[in-house]
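Reading through the structure tokens given below for one structure.
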Amino acid sequence: MNSGRLRVGLIAGEPSGDALGAALIGALRRQMPHVECFGVAGPAMRAAGCRALYPAEDLAVMGIVEVLAHLPRLLRIRRGLLRQLRADPPDVLVGIDAPDFNLPVEARLRRAGVRTVHYVSPSVWAWRERRVKQIAAAVDRMLTLFPFEARFYERHGVPVTQVGHPLQATLRPIDPAVARAALGLPPPGPNSLPVLALLPGSRAGEYRRLAPLFLATAQWLREQGRPCHLLLPLVNQAARTAVEAQLRRTGAGLSCTLIDGRAQEVMAAADAVLLASGTATLEAMLLGRPMVVAYRLAPLTYAIARRLVRTPHVAIPNLLAGRAVVPEFIQHAATPAALGAAIAHLLEPATGAAMRAELAALRPPQTEDPAELAARAVLEVAGWT
């Protein structure tokens, strides 16, 4: 093993990457106590001891069209970051997600002799597959969350380590009765309404597009004689304000409880979940909750994406299964009637039980902490093992 102090550069672009980065820093320090970490860091990474050259909050932009308005600022940050990392290079650079920002940085530093790791695969298996050549030129190792991603890179000859998703190691099914009691809800009874969790996304653009649709779906169910008690976990005050305004406009007659955070408990307490595509679908799967998945993009973003995306599925359970285990409704297919009919079907006891069994079978084995596996891979690439 090398002597001295290992220096690790990290670049995270949004809260999920910040959480992964903080866990990685902790695991690196357990395996290599004198590691020095610096780069683009969010609050969790900074609390873990990462010196921030730029705050990760500056990179938190999603969508194709939405990025364009922020592009000049993002390019200025990237140029400044490259200057600093070239002047004071790390032993290894870890780009966490944010591929459109990170891969060019990784490629340029790799050409300058810095070893590079990319943590969280871009959806190259779903769209723009030719990017795999760019990835192969940019990284010494790809770290993936899911086995179907690792298989893709193995087919293309890119060095890869599948470390697993942190939720797979930590999230276990929660007894619905326990979750309902924790949320102050009455236990289910013969005359009680079924509980439907609505999770319209965590980003402002998501919940502004999806919250009205999800509430309209609940109204459709009520009008069809299938009313539900709604649970809406809210990520922040802005989301609460937006949802409360929508409820005033269209929520007449709905039975609804708004909850600050606690999304996992909310899903566990529900008989069914209507949610945006994303990591929440993995959480619902691991919690064993029947779900219907919906997503809407900004119109121009969708028009571009639909020409590029080649995967038939977007929800993580369906990607893991390689088939449609949970119903998906994207863009124009996501209507109150379509979503409502799918929810009503899931609320049938036999249908709900069948989906719970399928979701349980999809849970992949996870024998070791993903952060520890990721840290070991980073040390291998750095040559410190």
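Chain labels run A, B, ... following the order of the structure tokens; each chain numbers its residues from 1, and ligands are numbered from 1 in the order shown.
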Sel. of strand (DSSP E) residues, region 164-296 of chain A, as a short mmCIF file (atom, residue, chain, number, x, y, z; two decimals) with C-alpha atoms, in the first residue's frame:
```cif
data_model
loop_
_atom_site.label_atom_id
_atom_site.label_comp_id
_atom_site.auth_asym_id
_atom_site.auth_seq_id
_atom_site.Cartn_x
_atom_site.Cartn_y
_atom_site.Cartn_z
CA VAL A 195 -55.33 4.77 1.71
CA LEU A 196 -53.68 6.10 -1.44
CA ALA A 197 -50.23 7.73 -1.22
CA LEU A 198 -49.51 10.45 -3.78
CA LEU A 199 -45.85 11.25 -4.47
CA HIS A 229 -57.99 8.79 1.84
CA LEU A 230 -55.00 10.58 0.36
CA LEU A 231 -51.57 10.89 1.97
CA LEU A 232 -49.18 13.44 0.46
CA PRO A 233 -45.63 13.66 1.82
CA LEU A 234 -44.17 17.10 1.07
CA SER A 255 -60.15 13.28 2.13
CA CYS A 256 -56.50 14.27 2.36
CA THR A 257 -53.65 14.45 4.88
CA LEU A 258 -50.53 16.49 4.10
CA ILE A 259 -47.36 15.34 5.84
CA ASP A 260 -43.97 17.04 5.98
CA ALA A 272 -51.49 1.68 -3.09
CA VAL A 273 -49.07 4.36 -4.26
CA LEU A 274 -49.34 6.75 -7.21
CA LEU A 275 -45.91 8.24 -7.81
CA ALA A 276 -43.51 9.92 -10.17
CA MET A 291 -47.84 1.17 -7.27
CA VAL A 292 -48.78 3.01 -10.42
CA VAL A 293 -46.06 5.16 -12.01
CA ALA A 294 -46.60 8.35 -13.99
CA TYR A 295 -44.39 11.05 -15.43
#
```
request  = Name the residues in contact with region 200-203 of chain A at a cut-off of 12 Å, using only C-alpha atoms, excluding same-chain residues fewer than 2 positions from it; report them as a PyMOL selection string.
outcome  = chain A and resi 14-16+60-63+197-198+205-215+231-240+242-243+261+263+273-281+292-297
inquiry  = Calculated over only C-alpha atoms, which of the candidates A:Gly95, A:Gly352, A:Gly288, A:Pro194 has the smallest distance to Leu171 (chain A)?
reply    =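 For Leu171 (chain A), the nearest of the candidates is A:Gly288.
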request  = Find the spatial neighbours of Gly17 (chain A), counting only C-alpha atoms, within a cut-off of 8 Å - ignore same-chain residues fewer than 4 positions away - and output them as a ChimeraX atom specification.
outcome  = /A:12-13,21,96-97
query = Rounded to one decimal in Å, what is the spacing between CA of Gln224 (chain A) and CA of Ala344 (chain A)?
reply =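 Atom-to-atom, CA of Gln224 (chain A) to CA of Ala344 (chain A), that is 9.6 Å.
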task = Please provide the set of residues having any atom within 7 Å of region 134-138 of chain A, restricted to only C-alpha atoms, with same-chain residues fewer than 3 positions apart removed, written as a PyMOL selection string.
result = chain A and resi 103+106-107+110+131+158
request  = May I have all residues of region 10-247 of chain A that DSSP, computed from the backbone, assigns to helix (DSSP H, G or I), given as JSON, numbers by chain?
outcome  = {"A": [15, 16, 17, 18, 19, 20, 21, 22, 23, 24, 25, 26, 27, 28, 29, 30, 31, 43, 44, 45, 46, 47, 56, 57, 58, 59, 64, 65, 66, 67, 68, 71, 72, 73, 74, 75, 76, 77, 78, 79, 80, 81, 82, 83, 84, 85, 86, 87, 99, 100, 101, 102, 103, 104, 105, 106, 107, 108, 109, 110, 111, 131, 132, 133, 134, 135, 136, 137, 138, 147, 148, 149, 150, 151, 152, 153, 154, 155, 166, 167, 168, 169, 170, 176, 177, 178, 179, 180, 181, 182, 204, 205, 206, 207, 208, 209, 210, 211, 212, 213, 214, 215, 216, 217, 218, 219, 220, 221, 222, 223, 237, 238, 239, 240, 241, 242, 243, 244, 245, 246, 247]}
